[in-house]
Structures are given as C-alpha cells and as structure tokens.
Amino acid sequence: MVDPHERLERRFPNASMITAIAAGIISISALGVSLYEAYLMRLESRAAVLPILESWSSYGSEGFGINVANKGIGPALIRSVQLFRDGTAAGSWADVYGDMLEGGMPRFSMAMITGNVMMPGEIVAAIQVEPGEAATHLWRNSERVSMKICYCSVYEDCWTQSLDNVRAGIPRTEEAAQCEVVEQGRF
C-alpha cells in the first residue's frame, strides 16, 4: 500500500512551495485591506467633526445684523475674522460703518467671534443694529462691506469663508493650509 503523502508528493512535487506562496499572497492582501480600512476610518473620523460656517446679513423688524452660524456637525475653531469696506481692512465696526452715518454709530450689540469655538447649530450675531433709520442706511450701504472668516476643525483642517458683499449674502468657502493671525481688528 502506498502512503497518501507520497502519492501527493509525486503528483505535486512543490506543494509546500505553492502553499507558502499562497500564504504570502493572502498576507499581503490582508495588509493592503487593513491599510485601506485605516485610511477610510481616518476620513470618516474627520468627516464626523466637520464644521461648516455660513454667514449672512439680515434686515427687518429686528434692525440690521450680520450673523454667523455653524451648520456642520463638528465645532468650528474661529482663528480670525476680518472686515473690509471698499476693499480696505477695517479695525472696528466704527471703521466699517461709522462714517456712513451723520451721527456716528447708533446703538448696537456685537459679539467677539475670533478665538471662540462655535458648536454645531450655534448662531452668533456678529453685529446687530437696532431698528430705525440708521439700520436702513447701513443695510443700503452694506454692499460696500465684506467679511472674511478663517476657521479650523479639531483636526486642524482649515477653511476661509469670504462674504464679498454683505448685502448680497453669498459666501464662498475655500480650503486653507492654515489660518493667519490678523493683527488689525478683532471681531
């Protein structure tokens, strides 16, 4: 009687070599799948904390205001906010709107956004001017005003949102390598 192992060795003289090669291919494939899965999990974790800022102006019975909201699912770390009037950087709300009015700035409230964390769903009134003639005048002249916000996620992925015409209210968001610290004005 012939031993079954001998019979296999005669039929497949390199069976152990074939088994070793197959094991190597399976190992390399498993490593590739693991690396790809780790990559996908990293993308998913970044997407799970993605902030999305939205800016707009409002005018009505509440007066005139500029608002910022975090519509994303993660916190937004606000690194800098810049305001411009006619393309020139402004240092304060008075620099932006003050000389548009004969009597200077009316009563208004404002929120400091730079350096703060906006949680998902949070809405901040960057400036709110009480109803009246001043609010109407500011609204009419707000196409001369633009705002630029640089913000990051908790993973330090950063974006810059530009509201080129406050009155039109059409923001544009672009990825940024990092947020620059702006010395002039803190809003």
# chains A, B, ... in the order shown; residues from 1 in each chain; ligands from 1
>>> closest_atom_pairs(of="stretch 15-90 of chain A", to="stretch 114-117 of chain A", cutoff="8 Å", atoms="only C-alpha atoms", output="tab-separated table")
residue	atom	partner	partner_atom	distance
A:Pro75	CA	A:Val117	CA	6.4
A:Ala76	CA	A:Val117	CA	5.6
A:Leu77	CA	A:Val117	CA	4.6
A:Ile78	CA	A:Thr114	CA	5.3
A:Arg79	CA	A:Gly115	CA	5.5
A:Ser80	CA	A:Thr114	CA	5.1
A:Val81	CA	A:Thr114	CA	5.9
>>> residues_around(residues="A:Ser61", least_positions_apart="3", cutoff="10 Å", atoms="only C-alpha atoms", output="ChimeraX atom specification")
/A:58,64,130-132
>>> residues_around(residues="A:Trp159", least_positions_apart="2", cutoff="10 Å", atoms="only C-alpha atoms", output="list in words")
Pro51, Ile52, Leu53, Ala76, Ile78, Ile149, Cys150, Tyr151, Cys152, Ser153, Glu156, Asp157, Gln161, Ser162, Thr173, Glu174, Glu175, Ala176, Ala177, Gln178 and Cys179 of chain A
>>> write_last_selection(atoms="N, CA and C atoms", output="short mmCIF file (atom, residue, chain, number, x, y, z; two decimals), in the first residue's frame")
data_model
loop_
_atom_site.label_atom_id
_atom_site.label_comp_id
_atom_site.auth_asym_id
_atom_site.auth_seq_id
_atom_site.Cartn_x
_atom_site.Cartn_y
_atom_site.Cartn_z
N PRO A 51 -16.85 71.15 10.54
CA PRO A 51 -17.63 72.37 10.72
C PRO A 51 -17.93 73.01 9.36
N ILE A 52 -19.07 73.62 9.23
CA ILE A 52 -19.42 74.36 8.01
C ILE A 52 -20.03 75.68 8.45
N LEU A 53 -19.31 76.77 8.24
CA LEU A 53 -19.82 78.08 8.63
C LEU A 53 -20.66 78.68 7.51
N ALA A 76 -16.39 74.55 15.22
CA ALA A 76 -15.55 75.40 14.37
C ALA A 76 -14.68 76.25 15.29
N ILE A 78 -12.70 79.32 15.51
CA ILE A 78 -12.58 80.57 14.75
C ILE A 78 -11.21 81.17 15.02
N ILE A 149 -13.70 85.05 7.21
CA ILE A 149 -13.54 84.26 8.44
C ILE A 149 -12.66 83.06 8.13
N CYS A 150 -11.63 82.86 8.95
CA CYS A 150 -10.80 81.66 8.81
C CYS A 150 -11.07 80.79 10.03
N TYR A 151 -11.42 79.53 9.79
CA TYR A 151 -11.77 78.62 10.88
C TYR A 151 -11.20 77.24 10.61
N CYS A 152 -11.06 76.45 11.68
CA CYS A 152 -10.47 75.12 11.58
C CYS A 152 -11.34 74.10 12.31
N SER A 153 -11.15 72.85 11.94
CA SER A 153 -11.79 71.73 12.65
C SER A 153 -10.87 71.33 13.81
N GLU A 156 -7.44 70.42 12.80
CA GLU A 156 -6.67 71.50 12.19
C GLU A 156 -6.78 71.53 10.66
N ASP A 157 -7.86 71.00 10.12
CA ASP A 157 -8.18 71.24 8.72
C ASP A 157 -8.84 72.62 8.71
N GLN A 161 -13.82 81.48 4.74
CA GLN A 161 -15.11 81.83 4.14
C GLN A 161 -15.11 83.33 3.89
N SER A 162 -15.42 83.70 2.66
CA SER A 162 -15.48 85.11 2.29
C SER A 162 -16.91 85.47 1.93
N THR A 173 -16.55 79.54 0.28
CA THR A 173 -15.66 78.84 1.21
C THR A 173 -14.60 78.09 0.44
N GLU A 174 -13.35 78.22 0.89
CA GLU A 174 -12.21 77.55 0.27
C GLU A 174 -11.33 76.93 1.34
N GLU A 175 -10.67 75.84 1.01
CA GLU A 175 -9.72 75.23 1.94
C GLU A 175 -8.54 76.17 2.12
N ALA A 176 -7.99 76.16 3.33
CA ALA A 176 -6.80 76.96 3.63
C ALA A 176 -5.77 76.06 4.29
N ALA A 177 -4.51 76.26 3.97
CA ALA A 177 -3.45 75.47 4.58
C ALA A 177 -3.41 75.71 6.09
N GLN A 178 -3.60 76.97 6.48
CA GLN A 178 -3.67 77.35 7.89
C GLN A 178 -4.28 78.74 7.95
N CYS A 179 -4.65 79.15 9.14
CA CYS A 179 -5.22 80.48 9.32
C CYS A 179 -4.13 81.43 9.81
#
>>> select_by_dssp(residues="stretch 39-185 of chain A", states="alpha helix (DSSP H)", output="ChimeraX atom specification")
/A:39-47,93-97,133-141
>>> residues_around(residues="A:Leu83", least_positions_apart="5", cutoff="6 Å", atoms="only C-alpha atoms", output="list in words")
Ala89, Ala90, Ser146 and Met147 of chain A
>>> write_last_selection(atoms="N, CA and C atoms", output="compact mmCIF listing (two decimals), in the first residue's frame")
# COMPACT_ATOMS: atom_id res chain seq x y z
N ALA A 89 -9.06 96.98 4.73
CA ALA A 89 -9.26 96.33 6.03
C ALA A 89 -9.68 97.36 7.08
N ALA A 90 -10.60 96.94 7.93
CA ALA A 90 -11.12 97.82 8.99
C ALA A 90 -10.68 97.30 10.35
N SER A 146 -17.37 93.72 3.23
CA SER A 146 -17.12 92.29 3.07
C SER A 146 -16.49 91.75 4.35
N MET A 147 -16.61 90.44 4.53
CA MET A 147 -16.12 89.79 5.74
C MET A 147 -15.40 88.51 5.35
>>> closest_residue(among="A:Arg167, A:Phe187, A:Glu37, A:Glu44", to="A:Met110", atoms="only C-alpha atoms")
A:Phe187
>>> closest_residue(among="A:Ile170, A:Met100, A:Ala125, A:Cys158", to="A:Leu138", atoms="only C-alpha atoms")
A:Met100
>>> closest_residue(among="A:Ile123, A:Asp99, A:Glu54, A:Ser92", to="A:Arg172", atoms="only C-alpha atoms")
A:Glu54
>>> select_by_dssp(residues="stretch 44-183 of chain A", states="strand (DSSP E)", output="PyMOL selection string")
chain A and resi 53-60+63-70+76-85+88-90+108-110+117-118+123-129+145-152+158-163+171-176
>>> atom_distance(atom1="atom CA of A:Ile113", atom2="atom CA of A:Arg140")
24.4 Å
>>> atom_distance(atom1="atom CA of A:Ala47", atom2="atom CA of A:Met119")
15.2 Å
>>> residues_around(residues="A:Ala135", least_positions_apart="4", cutoff="10 Å", atoms="only C-alpha atoms", output="JSON, numbers by chain")
{"A": [59, 60, 62, 63, 64, 65, 101, 105, 106, 107, 108, 128, 129, 130, 131, 139, 140, 141]}
>>> write_last_selection(atoms="C-alpha atoms", output="CSV table (one decimal), in the first residue's frame")
chain,number,residue,atom,x,y,z
A,59,TYR,CA,-32.7,93.4,7.8
A,60,GLY,CA,-36.2,93.8,9.1
A,62,GLU,CA,-35.2,93.4,14.3
A,63,GLY,CA,-33.0,96.0,12.6
A,64,PHE,CA,-29.8,95.3,10.7
A,65,GLY,CA,-27.5,92.4,11.5
A,101,LEU,CA,-24.0,107.8,9.2
A,105,MET,CA,-22.7,104.6,15.0
A,106,PRO,CA,-26.1,104.0,16.5
A,107,ARG,CA,-26.7,101.7,19.5
A,108,PHE,CA,-25.7,98.2,18.5
A,128,GLN,CA,-27.0,93.8,15.5
A,129,VAL,CA,-28.1,97.4,15.0
A,130,GLU,CA,-31.5,98.4,16.5
A,131,PRO,CA,-34.3,99.2,14.0
A,139,TRP,CA,-28.4,97.9,5.1
A,140,ARG,CA,-28.5,100.0,1.9
A,141,ASN,CA,-24.7,100.6,2.1
>>> closest_residue(among="A:Asp95, A:Asp86, A:Glu122, A:Glu133", to="A:Asp164", atoms="only C-alpha atoms")
A:Asp86
>>> atom_distance(atom1="atom CA of A:Gly74", atom2="atom CA of A:Leu40")
18.4 Å
